[in-house]
$ cat model-v9.cif   # mmCIF, N, CA and C atoms and all ligand atoms
data_final
loop_
_atom_site.label_atom_id
_atom_site.label_comp_id
_atom_site.auth_asym_id
_atom_site.auth_seq_id
_atom_site.Cartn_x
_atom_site.Cartn_y
_atom_site.Cartn_z
N MET A 936 86.74 -1.84 174.03
CA MET A 936 87.43 -0.73 173.37
C MET A 936 86.94 -0.58 171.93
N GLN A 937 86.66 0.67 171.57
CA GLN A 937 86.16 0.96 170.22
C GLN A 937 87.26 0.81 169.18
N THR A 938 86.88 0.28 168.05
CA THR A 938 87.85 0.24 166.96
C THR A 938 87.92 1.61 166.31
N VAL A 939 88.96 1.82 165.52
CA VAL A 939 89.13 3.10 164.84
C VAL A 939 87.93 3.37 163.94
N LYS A 940 87.46 2.33 163.25
CA LYS A 940 86.31 2.52 162.35
C LYS A 940 85.05 2.91 163.13
N GLU A 941 84.89 2.32 164.31
CA GLU A 941 83.74 2.67 165.15
C GLU A 941 83.82 4.13 165.60
N LYS A 942 85.03 4.53 165.96
CA LYS A 942 85.23 5.93 166.39
C LYS A 942 84.91 6.89 165.24
N ILE A 943 85.34 6.54 164.05
CA ILE A 943 85.08 7.39 162.89
C ILE A 943 83.59 7.44 162.59
N ALA A 944 82.94 6.27 162.68
CA ALA A 944 81.49 6.21 162.43
C ALA A 944 80.76 7.10 163.44
N TYR A 945 81.23 7.05 164.68
CA TYR A 945 80.62 7.88 165.72
C TYR A 945 80.77 9.36 165.39
N LEU A 946 81.97 9.74 164.95
CA LEU A 946 82.22 11.15 164.60
C LEU A 946 81.34 11.58 163.43
N ARG A 947 81.20 10.67 162.44
CA ARG A 947 80.37 10.99 161.28
C ARG A 947 78.93 11.26 161.74
N GLY A 948 78.47 10.39 162.62
CA GLY A 948 77.11 10.54 163.14
C GLY A 948 76.94 11.86 163.86
N LEU A 949 77.96 12.19 164.67
CA LEU A 949 77.95 13.44 165.43
C LEU A 949 77.86 14.64 164.50
N LEU A 950 78.66 14.62 163.42
CA LEU A 950 78.70 15.75 162.48
C LEU A 950 77.42 15.81 161.65
N ASP A 951 76.90 14.62 161.24
CA ASP A 951 75.67 14.59 160.44
C ASP A 951 74.50 15.15 161.24
N GLY A 952 74.55 14.93 162.56
CA GLY A 952 73.42 15.32 163.40
C GLY A 952 73.42 16.79 163.75
N SER A 953 74.48 17.51 163.39
CA SER A 953 74.50 18.93 163.77
C SER A 953 74.72 19.80 162.53
N ASP A 954 73.87 20.85 162.41
CA ASP A 954 73.98 21.73 161.24
C ASP A 954 75.22 22.59 161.31
N SER A 955 75.58 23.02 162.51
CA SER A 955 76.77 23.86 162.64
C SER A 955 77.57 23.41 163.86
N LEU A 956 78.87 23.65 163.83
CA LEU A 956 79.73 23.23 164.93
C LEU A 956 79.94 24.41 165.86
N ASP A 957 79.45 24.28 167.09
CA ASP A 957 79.81 25.33 168.04
C ASP A 957 81.19 25.00 168.61
N ALA A 958 81.71 25.90 169.38
CA ALA A 958 83.09 25.75 169.87
C ALA A 958 83.26 24.45 170.64
N GLY A 959 82.29 24.14 171.50
CA GLY A 959 82.38 22.93 172.33
C GLY A 959 82.42 21.67 171.48
N LEU A 960 81.51 21.61 170.49
CA LEU A 960 81.44 20.43 169.63
C LEU A 960 82.72 20.29 168.80
N SER A 961 83.20 21.44 168.27
CA SER A 961 84.43 21.43 167.49
C SER A 961 85.56 20.82 168.30
N LYS A 962 85.67 21.27 169.56
CA LYS A 962 86.76 20.79 170.40
C LYS A 962 86.66 19.28 170.59
N SER A 963 85.45 18.80 170.86
CA SER A 963 85.32 17.35 171.11
C SER A 963 85.55 16.56 169.82
N VAL A 964 85.15 17.12 168.69
CA VAL A 964 85.40 16.42 167.41
C VAL A 964 86.90 16.34 167.15
N VAL A 965 87.59 17.46 167.36
CA VAL A 965 89.04 17.48 167.13
C VAL A 965 89.73 16.51 168.09
N GLU A 966 89.28 16.52 169.35
CA GLU A 966 89.88 15.62 170.33
C GLU A 966 89.73 14.15 169.90
N LYS A 967 88.51 13.85 169.41
CA LYS A 967 88.27 12.47 168.98
C LYS A 967 89.10 12.12 167.75
N LEU A 968 89.25 13.11 166.86
CA LEU A 968 90.08 12.88 165.68
C LEU A 968 91.53 12.60 166.08
N LEU A 969 92.02 13.41 167.04
CA LEU A 969 93.39 13.21 167.51
C LEU A 969 93.53 11.83 168.15
N ASP A 970 92.49 11.41 168.89
CA ASP A 970 92.48 10.10 169.51
C ASP A 970 92.62 9.01 168.46
N ILE A 971 91.84 9.21 167.36
CA ILE A 971 91.88 8.24 166.27
C ILE A 971 93.27 8.20 165.64
N ILE A 972 93.82 9.39 165.39
CA ILE A 972 95.15 9.46 164.78
C ILE A 972 96.19 8.80 165.69
N ASP A 973 96.02 8.99 167.00
CA ASP A 973 96.91 8.38 167.97
C ASP A 973 96.89 6.86 167.86
N SER A 974 95.67 6.30 167.82
CA SER A 974 95.53 4.85 167.70
C SER A 974 96.21 4.36 166.44
N LEU A 975 95.96 5.12 165.34
CA LEU A 975 96.55 4.71 164.07
C LEU A 975 98.08 4.76 164.13
N ALA A 976 98.61 5.81 164.78
CA ALA A 976 100.06 5.94 164.89
C ALA A 976 100.64 4.77 165.67
N ASP A 977 99.96 4.39 166.79
CA ASP A 977 100.41 3.24 167.57
C ASP A 977 100.42 1.98 166.71
N GLU A 978 99.33 1.83 165.95
CA GLU A 978 99.23 0.64 165.12
C GLU A 978 100.33 0.59 164.07
N VAL A 979 100.62 1.75 163.48
CA VAL A 979 101.69 1.82 162.48
C VAL A 979 103.02 1.46 163.12
N ASP A 980 103.25 1.95 164.36
CA ASP A 980 104.51 1.62 165.05
C ASP A 980 104.61 0.12 165.28
N ASP A 981 103.49 -0.47 165.77
CA ASP A 981 103.50 -1.91 166.01
C ASP A 981 103.78 -2.67 164.72
N LEU A 982 103.12 -2.22 163.66
CA LEU A 982 103.31 -2.89 162.37
C LEU A 982 104.75 -2.78 161.91
N ALA A 983 105.35 -1.60 162.14
CA ALA A 983 106.74 -1.41 161.72
C ALA A 983 107.65 -2.37 162.47
N LEU A 984 107.38 -2.54 163.80
CA LEU A 984 108.19 -3.46 164.59
C LEU A 984 108.01 -4.89 164.09
N ASP A 985 106.74 -5.26 163.90
CA ASP A 985 106.46 -6.61 163.39
C ASP A 985 107.16 -6.82 162.05
N HIS A 986 107.09 -5.79 161.22
CA HIS A 986 107.70 -5.88 159.90
C HIS A 986 109.20 -6.10 160.02
N GLU A 987 109.82 -5.38 160.97
CA GLU A 987 111.27 -5.52 161.18
C GLU A 987 111.60 -6.95 161.61
N ASP A 988 110.80 -7.46 162.57
CA ASP A 988 111.02 -8.84 163.04
C ASP A 988 110.90 -9.82 161.88
N LEU A 989 109.82 -9.62 161.11
CA LEU A 989 109.59 -10.52 159.98
C LEU A 989 110.73 -10.47 158.98
N GLU A 990 111.24 -9.25 158.77
CA GLU A 990 112.32 -9.09 157.80
C GLU A 990 113.56 -9.83 158.28
N GLU A 991 113.86 -9.69 159.59
CA GLU A 991 115.01 -10.39 160.16
C GLU A 991 114.84 -11.90 160.01
N TYR A 992 113.63 -12.35 160.34
CA TYR A 992 113.34 -13.78 160.26
C TYR A 992 113.49 -14.28 158.82
N LEU A 993 112.96 -13.44 157.92
CA LEU A 993 113.01 -13.82 156.50
C LEU A 993 114.45 -13.90 156.01
N GLU A 994 115.28 -12.96 156.49
CA GLU A 994 116.68 -12.97 156.10
C GLU A 994 117.37 -14.23 156.60
N ALA A 995 117.04 -14.62 157.85
CA ALA A 995 117.63 -15.83 158.42
C ALA A 995 117.21 -17.06 157.61
N VAL A 996 115.92 -17.11 157.29
CA VAL A 996 115.41 -18.24 156.51
C VAL A 996 116.06 -18.26 155.13
N ASP A 997 116.20 -17.07 154.57
CA ASP A 997 116.79 -16.96 153.24
C ASP A 997 118.24 -17.45 153.25
N ALA A 998 118.96 -17.10 154.31
CA ALA A 998 120.36 -17.52 154.42
C ALA A 998 120.44 -19.04 154.53
N ASP A 999 119.56 -19.60 155.38
CA ASP A 999 119.53 -21.06 155.52
C ASP A 999 119.23 -21.73 154.19
N LEU A 1000 118.27 -21.13 153.48
CA LEU A 1000 117.86 -21.70 152.19
C LEU A 1000 119.02 -21.66 151.20
N ASN A 1001 119.75 -20.55 151.22
CA ASN A 1001 120.91 -20.44 150.32
C ASN A 1001 121.92 -21.53 150.61
N GLU A 1002 122.15 -21.78 151.92
CA GLU A 1002 123.09 -22.81 152.31
C GLU A 1002 122.64 -24.16 151.77
N LEU A 1003 121.35 -24.44 151.95
CA LEU A 1003 120.79 -25.70 151.45
C LEU A 1003 120.95 -25.81 149.94
N GLU A 1004 120.66 -24.69 149.26
CA GLU A 1004 120.74 -24.69 147.80
C GLU A 1004 122.16 -24.97 147.34
N GLU A 1005 123.13 -24.35 148.07
CA GLU A 1005 124.52 -24.56 147.70
C GLU A 1005 124.89 -26.04 147.84
N ASP A 1006 124.39 -26.65 148.94
CA ASP A 1006 124.67 -28.07 149.14
C ASP A 1006 124.12 -28.89 147.99
N PHE A 1007 122.92 -28.49 147.51
CA PHE A 1007 122.29 -29.25 146.44
C PHE A 1007 122.92 -28.97 145.08
N ASP A 1008 123.26 -27.67 144.88
CA ASP A 1008 123.72 -27.27 143.56
C ASP A 1008 125.14 -27.76 143.27
N ASP A 1009 125.96 -27.85 144.32
CA ASP A 1009 127.36 -28.17 144.07
C ASP A 1009 127.60 -29.66 144.20
N PRO A 1010 127.70 -30.37 143.09
CA PRO A 1010 127.89 -31.82 143.16
C PRO A 1010 129.25 -32.17 143.76
N MET A 1011 130.21 -31.22 143.74
CA MET A 1011 131.53 -31.50 144.28
C MET A 1011 131.48 -31.70 145.79
N ASP A 1012 130.42 -31.20 146.44
CA ASP A 1012 130.29 -31.39 147.88
C ASP A 1012 130.17 -32.86 148.23
N ASP A 1013 129.62 -33.63 147.32
CA ASP A 1013 129.41 -35.05 147.59
C ASP A 1013 130.51 -35.90 146.95
N MET A 1014 131.59 -35.25 146.52
CA MET A 1014 132.66 -35.99 145.87
C MET A 1014 133.87 -36.07 146.80
N ILE A 1015 134.58 -37.16 146.65
CA ILE A 1015 135.80 -37.35 147.43
C ILE A 1015 136.97 -37.45 146.46
N GLU A 1016 138.06 -36.81 146.84
CA GLU A 1016 139.24 -36.85 145.99
C GLU A 1016 140.31 -37.69 146.70
N MET A 1017 140.81 -38.68 146.03
CA MET A 1017 141.85 -39.53 146.63
C MET A 1017 143.00 -39.69 145.66
N GLU A 1018 144.18 -39.82 146.22
CA GLU A 1018 145.35 -40.02 145.36
C GLU A 1018 145.49 -41.50 145.07
N CYS A 1019 145.66 -41.80 143.79
CA CYS A 1019 145.84 -43.20 143.40
C CYS A 1019 147.17 -43.70 143.96
N PRO A 1020 147.14 -44.78 144.75
CA PRO A 1020 148.38 -45.29 145.34
C PRO A 1020 149.33 -45.86 144.29
N SER A 1021 148.81 -46.18 143.11
CA SER A 1021 149.66 -46.77 142.08
C SER A 1021 150.39 -45.72 141.25
N CYS A 1022 149.63 -44.72 140.74
CA CYS A 1022 150.24 -43.77 139.83
C CYS A 1022 150.29 -42.35 140.39
N GLY A 1023 149.63 -42.10 141.53
CA GLY A 1023 149.71 -40.78 142.16
C GLY A 1023 148.75 -39.76 141.58
N GLU A 1024 147.92 -40.16 140.60
CA GLU A 1024 146.94 -39.24 140.04
C GLU A 1024 145.80 -39.04 141.05
N MET A 1025 145.19 -37.83 141.03
CA MET A 1025 144.04 -37.61 141.89
C MET A 1025 142.81 -38.19 141.21
N VAL A 1026 142.06 -38.99 141.96
CA VAL A 1026 140.86 -39.61 141.43
C VAL A 1026 139.67 -39.10 142.23
N VAL A 1027 138.64 -38.62 141.51
CA VAL A 1027 137.44 -38.08 142.18
C VAL A 1027 136.30 -39.06 142.02
N PHE A 1028 135.63 -39.36 143.14
CA PHE A 1028 134.46 -40.25 143.04
C PHE A 1028 133.41 -39.83 144.06
N GLU A 1029 132.22 -40.39 143.92
CA GLU A 1029 131.11 -40.00 144.79
C GLU A 1029 131.33 -40.44 146.22
N GLU A 1030 131.00 -39.53 147.14
CA GLU A 1030 131.18 -39.81 148.56
C GLU A 1030 130.36 -41.03 149.00
N ASP A 1031 129.21 -41.23 148.36
CA ASP A 1031 128.33 -42.34 148.72
C ASP A 1031 129.05 -43.69 148.64
N PHE A 1032 130.01 -43.79 147.71
CA PHE A 1032 130.74 -45.04 147.53
C PHE A 1032 131.42 -45.49 148.83
N VAL A 1033 131.86 -44.49 149.63
CA VAL A 1033 132.59 -44.79 150.86
C VAL A 1033 131.72 -45.60 151.83
N TYR A 1034 130.41 -45.37 151.79
CA TYR A 1034 129.52 -46.03 152.73
C TYR A 1034 129.03 -47.39 152.22
N ASP A 1035 129.50 -47.75 151.05
CA ASP A 1035 129.07 -49.02 150.47
C ASP A 1035 130.25 -49.99 150.48
N ASP A 1036 130.10 -51.07 151.24
CA ASP A 1036 131.19 -52.04 151.40
C ASP A 1036 131.55 -52.73 150.09
N ASN A 1037 130.58 -52.80 149.17
CA ASN A 1037 130.79 -53.61 147.97
C ASN A 1037 131.36 -52.82 146.80
N VAL A 1038 131.76 -51.59 147.06
CA VAL A 1038 132.23 -50.76 145.95
C VAL A 1038 133.75 -50.66 145.95
N THR A 1039 134.31 -50.85 144.79
CA THR A 1039 135.75 -50.63 144.60
C THR A 1039 135.90 -49.56 143.52
N VAL A 1040 136.72 -48.57 143.80
CA VAL A 1040 136.96 -47.53 142.81
C VAL A 1040 138.32 -47.76 142.17
N ASN A 1041 138.28 -47.84 140.85
CA ASN A 1041 139.54 -48.04 140.13
C ASN A 1041 140.03 -46.73 139.54
N CYS A 1042 141.31 -46.58 139.47
CA CYS A 1042 141.92 -45.39 138.89
C CYS A 1042 141.66 -45.36 137.39
N PRO A 1043 141.11 -44.25 136.87
CA PRO A 1043 140.85 -44.16 135.43
C PRO A 1043 142.15 -44.00 134.63
N HIS A 1044 143.24 -43.70 135.30
CA HIS A 1044 144.51 -43.50 134.60
C HIS A 1044 145.29 -44.80 134.45
N CYS A 1045 145.41 -45.55 135.57
CA CYS A 1045 146.22 -46.76 135.49
C CYS A 1045 145.42 -48.03 135.79
N GLY A 1046 144.17 -47.87 136.25
CA GLY A 1046 143.34 -49.04 136.52
C GLY A 1046 143.57 -49.65 137.89
N GLY A 1047 144.49 -49.12 138.66
CA GLY A 1047 144.76 -49.62 140.00
C GLY A 1047 143.62 -49.30 140.96
N VAL A 1048 143.56 -50.04 142.07
CA VAL A 1048 142.49 -49.82 143.05
C VAL A 1048 142.81 -48.57 143.88
N VAL A 1049 141.90 -47.60 143.79
CA VAL A 1049 142.06 -46.37 144.56
C VAL A 1049 141.33 -46.48 145.89
N PHE A 1050 140.16 -47.09 145.84
CA PHE A 1050 139.35 -47.22 147.03
C PHE A 1050 138.67 -48.58 147.07
N ASP A 1051 138.82 -49.25 148.21
CA ASP A 1051 138.17 -50.55 148.39
C ASP A 1051 137.21 -50.43 149.57
N GLY A 1052 135.93 -50.68 149.33
CA GLY A 1052 134.91 -50.52 150.37
C GLY A 1052 135.24 -51.29 151.64
N GLY A 1053 135.64 -52.56 151.52
CA GLY A 1053 135.94 -53.36 152.70
C GLY A 1053 137.15 -52.84 153.45
N GLU A 1054 138.17 -52.46 152.72
CA GLU A 1054 139.39 -51.96 153.34
C GLU A 1054 139.13 -50.70 154.15
N TRP A 1055 138.30 -49.83 153.58
CA TRP A 1055 137.97 -48.57 154.23
C TRP A 1055 137.34 -48.82 155.59
N ASP A 1056 136.54 -49.85 155.69
CA ASP A 1056 135.89 -50.20 156.96
C ASP A 1056 136.92 -50.47 158.03
N ASN A 1057 137.97 -51.22 157.68
CA ASN A 1057 139.01 -51.54 158.65
C ASN A 1057 139.75 -50.29 159.12
N ILE A 1058 140.05 -49.41 158.16
CA ILE A 1058 140.72 -48.15 158.50
C ILE A 1058 139.85 -47.38 159.49
N ASP A 1059 138.55 -47.36 159.22
CA ASP A 1059 137.62 -46.62 160.06
C ASP A 1059 137.62 -47.17 161.48
N ASP A 1060 137.64 -48.50 161.61
CA ASP A 1060 137.62 -49.12 162.94
C ASP A 1060 138.88 -48.78 163.72
N ASP A 1061 139.99 -48.76 163.04
CA ASP A 1061 141.26 -48.45 163.71
C ASP A 1061 141.27 -47.03 164.26
N MET A 1062 140.57 -46.15 163.54
CA MET A 1062 140.61 -44.74 163.93
C MET A 1062 139.83 -44.47 165.20
N ASP A 1063 138.65 -45.07 165.37
CA ASP A 1063 137.97 -44.85 166.66
C ASP A 1063 138.16 -46.05 167.57
N GLU A 1064 139.06 -45.85 168.52
CA GLU A 1064 139.43 -46.96 169.40
C GLU A 1064 138.44 -47.04 170.56
N ASP A 1065 137.38 -47.80 170.36
CA ASP A 1065 136.43 -48.01 171.46
C ASP A 1065 135.93 -49.45 171.38
N GLU A 1066 134.70 -49.68 171.79
CA GLU A 1066 134.18 -51.05 171.86
C GLU A 1066 134.33 -51.80 170.54
N ASP A 1067 134.31 -51.05 169.44
CA ASP A 1067 134.44 -51.70 168.14
C ASP A 1067 135.71 -52.56 168.08
N ASP A 1068 136.80 -52.02 168.64
CA ASP A 1068 138.06 -52.76 168.61
C ASP A 1068 137.95 -54.05 169.42
N LEU A 1069 137.28 -53.97 170.58
CA LEU A 1069 137.13 -55.15 171.42
C LEU A 1069 136.35 -56.23 170.66
N ASP A 1070 135.28 -55.76 169.97
CA ASP A 1070 134.48 -56.70 169.20
C ASP A 1070 135.33 -57.40 168.15
N ASP A 1071 136.19 -56.59 167.49
CA ASP A 1071 137.03 -57.15 166.43
C ASP A 1071 137.96 -58.23 166.97
N ASP A 1072 138.52 -57.96 168.18
CA ASP A 1072 139.48 -58.90 168.74
C ASP A 1072 138.83 -60.24 169.07
N SER A 1073 137.57 -60.19 169.50
CA SER A 1073 136.90 -61.43 169.91
C SER A 1073 136.47 -62.26 168.70
N GLU A 1074 136.49 -61.62 167.52
CA GLU A 1074 136.07 -62.39 166.35
C GLU A 1074 137.21 -63.30 165.87
N PRO A 1075 136.84 -64.49 165.40
CA PRO A 1075 137.85 -65.54 165.13
C PRO A 1075 138.64 -65.33 163.85
N PHE A 1076 139.03 -64.10 163.53
CA PHE A 1076 139.98 -63.92 162.45
C PHE A 1076 140.82 -62.71 162.77
ZN ZN B 1 146.38 -44.67 138.98
#

$ encode --input "model-v9.cif" --output "structure tokens" --more "lines below"
Ligand SMILES: [Zn+2]
Amino acid sequence: MQTVKEKIAYLRGLLDGSDSLDAGLSKSVVEKLLDIIDSLADEVDDLALDHEDLEEYLEAVDADLNELEEDFDDPMDDMIEMECPSCGEMVVFEEDFVYDDNVTVNCPHCGGVVFDGGEWDNIDDDMDEDEDDLDDDSEPF
């Protein structure tokens, strides 16, 4: 199949080779021009569809990226708020502390223990009653 540029080159050659256009030649030149315009129109349609798809995809990616950015930008997402059992004040600390057994969070208001890493582990085990509980029972304490 000829490319649009090849078709145009062919038409140029046809016109260069003739001093005047008789009716027959004019008709075939116009037909070929319309053929070229047709190809171009199809290509523009395809491009428009591709462009639409790309735009949709880009919007989806952009939305995902925004979500990620929000997660990164908002430090409060990684913070946990707990009520101090001693004085009742709300104490905010990093969520990461919860996953660390060796961390104890003290209340900045009264100094009481708000969060104890080891204690939290026990609470967690009680909440999901499965093999973990059986393991705990077999341990000698
Ligand atoms: Zn307190």

$ residues_near_ligand --input "model-v9.cif" --ligand "ligand ZN 1 (chain B)" --cutoff "6.5 Å" --atoms "all atoms listed in the file" --output "list of chain:residue names"
A:Cys1019, A:Pro1020, A:Ser1021, A:Cys1022, A:Gly1023, A:Glu1024, A:Cys1042, A:Pro1043, A:His1044, A:Cys1045, A:Gly1046, A:Gly1047

$ atom_distance --input "model-v9.cif" --atom1 "atom N of Asp954 (chain A)" --atom2 "CA of Glu941 (chain A)"
20.9 Å

$ closest_residue --input "model-v9.cif" --among "A:Phe1007, A:Glu966, A:Ala983, A:Asp977" --to "Leu946 (chain A)" --atoms "only C-alpha atoms"
A:Glu966

$ atom_distance --input "model-v9.cif" --atom1 "CA of Leu969 (chain A)" --atom2 "CA of Gln937 (chain A)"
14.5 Å

$ atom_distance --input "model-v9.cif" --atom1 "atom N of Ile971 (chain A)" --atom2 "CA of Arg947 (chain A)"
13.1 Å

$ residues_around --input "model-v9.cif" --residues "Val939 (chain A)" --least-positions-apart "5" --cutoff "8 Å" --atoms "all atoms listed in the file" --output "ChimeraX atom specification"
/A:944-945,970-972,974-975

$ residues_near_point --input "model-v9.cif" --point "(140.9, -43.1, 144.4)" --cutoff "7 Å" --atoms "all atoms listed in the file" --output "list in words"
Glu1016, Met1017, Glu1018, Cys1019, Pro1020, Met1025, Val1026, Val1027, Phe1028, Val1040, Asn1041, Cys1042, Val1048, Val1049 and Phe1050 of chain A

$ select_by_dssp --input "model-v9.cif" --residues "region 1008-1047 of chain A" --states "strand (DSSP E)" --output "list in words"
Met1014, Ile1015, Glu1016, Met1017, Glu1018, Met1025, Val1026, Val1027, Phe1028, Glu1029, Thr1039, Val1040 and Asn1041 of chain A

$ write_last_selection --input "model-v9.cif" --atoms "N, CA and C atoms" --output "PDB file, keeping the file's coordinate frame"
ATOM      1  N   MET A1014     131.590 -35.250 146.520  1.00  0.00           N
ATOM      2  CA  MET A1014     132.660 -35.990 145.870  1.00  0.00           C
ATOM      3  C   MET A1014     133.870 -36.070 146.800  1.00  0.00           C
ATOM      4  N   ILE A1015     134.580 -37.160 146.650  1.00  0.00           N
ATOM      5  CA  ILE A1015     135.800 -37.350 147.430  1.00  0.00           C
ATOM      6  C   ILE A1015     136.970 -37.450 146.460  1.00  0.00           C
ATOM      7  N   GLU A1016     138.060 -36.810 146.840  1.00  0.00           N
ATOM      8  CA  GLU A1016     139.240 -36.850 145.990  1.00  0.00           C
ATOM      9  C   GLU A1016     140.310 -37.690 146.700  1.00  0.00           C
ATOM     10  N   MET A1017     140.810 -38.680 146.030  1.00  0.00           N
ATOM     11  CA  MET A1017     141.850 -39.530 146.630  1.00  0.00           C
ATOM     12  C   MET A1017     143.000 -39.690 145.660  1.00  0.00           C
ATOM     13  N   GLU A1018     144.180 -39.820 146.220  1.00  0.00           N
ATOM     14  CA  GLU A1018     145.350 -40.020 145.360  1.00  0.00           C
ATOM     15  C   GLU A1018     145.490 -41.500 145.070  1.00  0.00           C
ATOM     16  N   MET A1025     145.190 -37.830 141.030  1.00  0.00           N
ATOM     17  CA  MET A1025     144.040 -37.610 141.890  1.00  0.00           C
ATOM     18  C   MET A1025     142.810 -38.190 141.210  1.00  0.00           C
ATOM     19  N   VAL A1026     142.060 -38.990 141.960  1.00  0.00           N
ATOM     20  CA  VAL A1026     140.860 -39.610 141.430  1.00  0.00           C
ATOM     21  C   VAL A1026     139.670 -39.100 142.230  1.00  0.00           C
ATOM     22  N   VAL A1027     138.640 -38.620 141.510  1.00  0.00           N
ATOM     23  CA  VAL A1027     137.440 -38.080 142.180  1.00  0.00           C
ATOM     24  C   VAL A1027     136.300 -39.060 142.020  1.00  0.00           C
ATOM     25  N   PHE A1028     135.630 -39.360 143.140  1.00  0.00           N
ATOM     26  CA  PHE A1028     134.460 -40.250 143.040  1.00  0.00           C
ATOM     27  C   PHE A1028     133.410 -39.830 144.060  1.00  0.00           C
ATOM     28  N   GLU A1029     132.220 -40.390 143.920  1.00  0.00           N
ATOM     29  CA  GLU A1029     131.110 -40.000 144.790  1.00  0.00           C
ATOM     30  C   GLU A1029     131.330 -40.440 146.220  1.00  0.00           C
ATOM     31  N   THR A1039     134.310 -50.850 144.790  1.00  0.00           N
ATOM     32  CA  THR A1039     135.750 -50.630 144.600  1.00  0.00           C
ATOM     33  C   THR A1039     135.900 -49.560 143.520  1.00  0.00           C
ATOM     34  N   VAL A1040     136.720 -48.570 143.800  1.00  0.00           N
ATOM     35  CA  VAL A1040     136.960 -47.530 142.810  1.00  0.00           C
ATOM     36  C   VAL A1040     138.320 -47.760 142.170  1.00  0.00           C
ATOM     37  N   ASN A1041     138.280 -47.840 140.850  1.00  0.00           N
ATOM     38  CA  ASN A1041     139.540 -48.040 140.130  1.00  0.00           C
ATOM     39  C   ASN A1041     140.030 -46.730 139.540  1.00  0.00           C
TER      40      ASN A1041
END

$ select_by_dssp --input "model-v9.cif" --residues "region 937-1068 of chain A" --states "alpha helix (DSSP H)" --output "ChimeraX atom specification"
/A:939-951,958-1008,1052-1062,1066-1068

$ closest_residue --input "model-v9.cif" --among "A:Ala998, A:Met936, A:Gly1052, A:Ser963" --to "Asn1037 (chain A)" --atoms "only N, CA and C atoms"
A:Gly1052
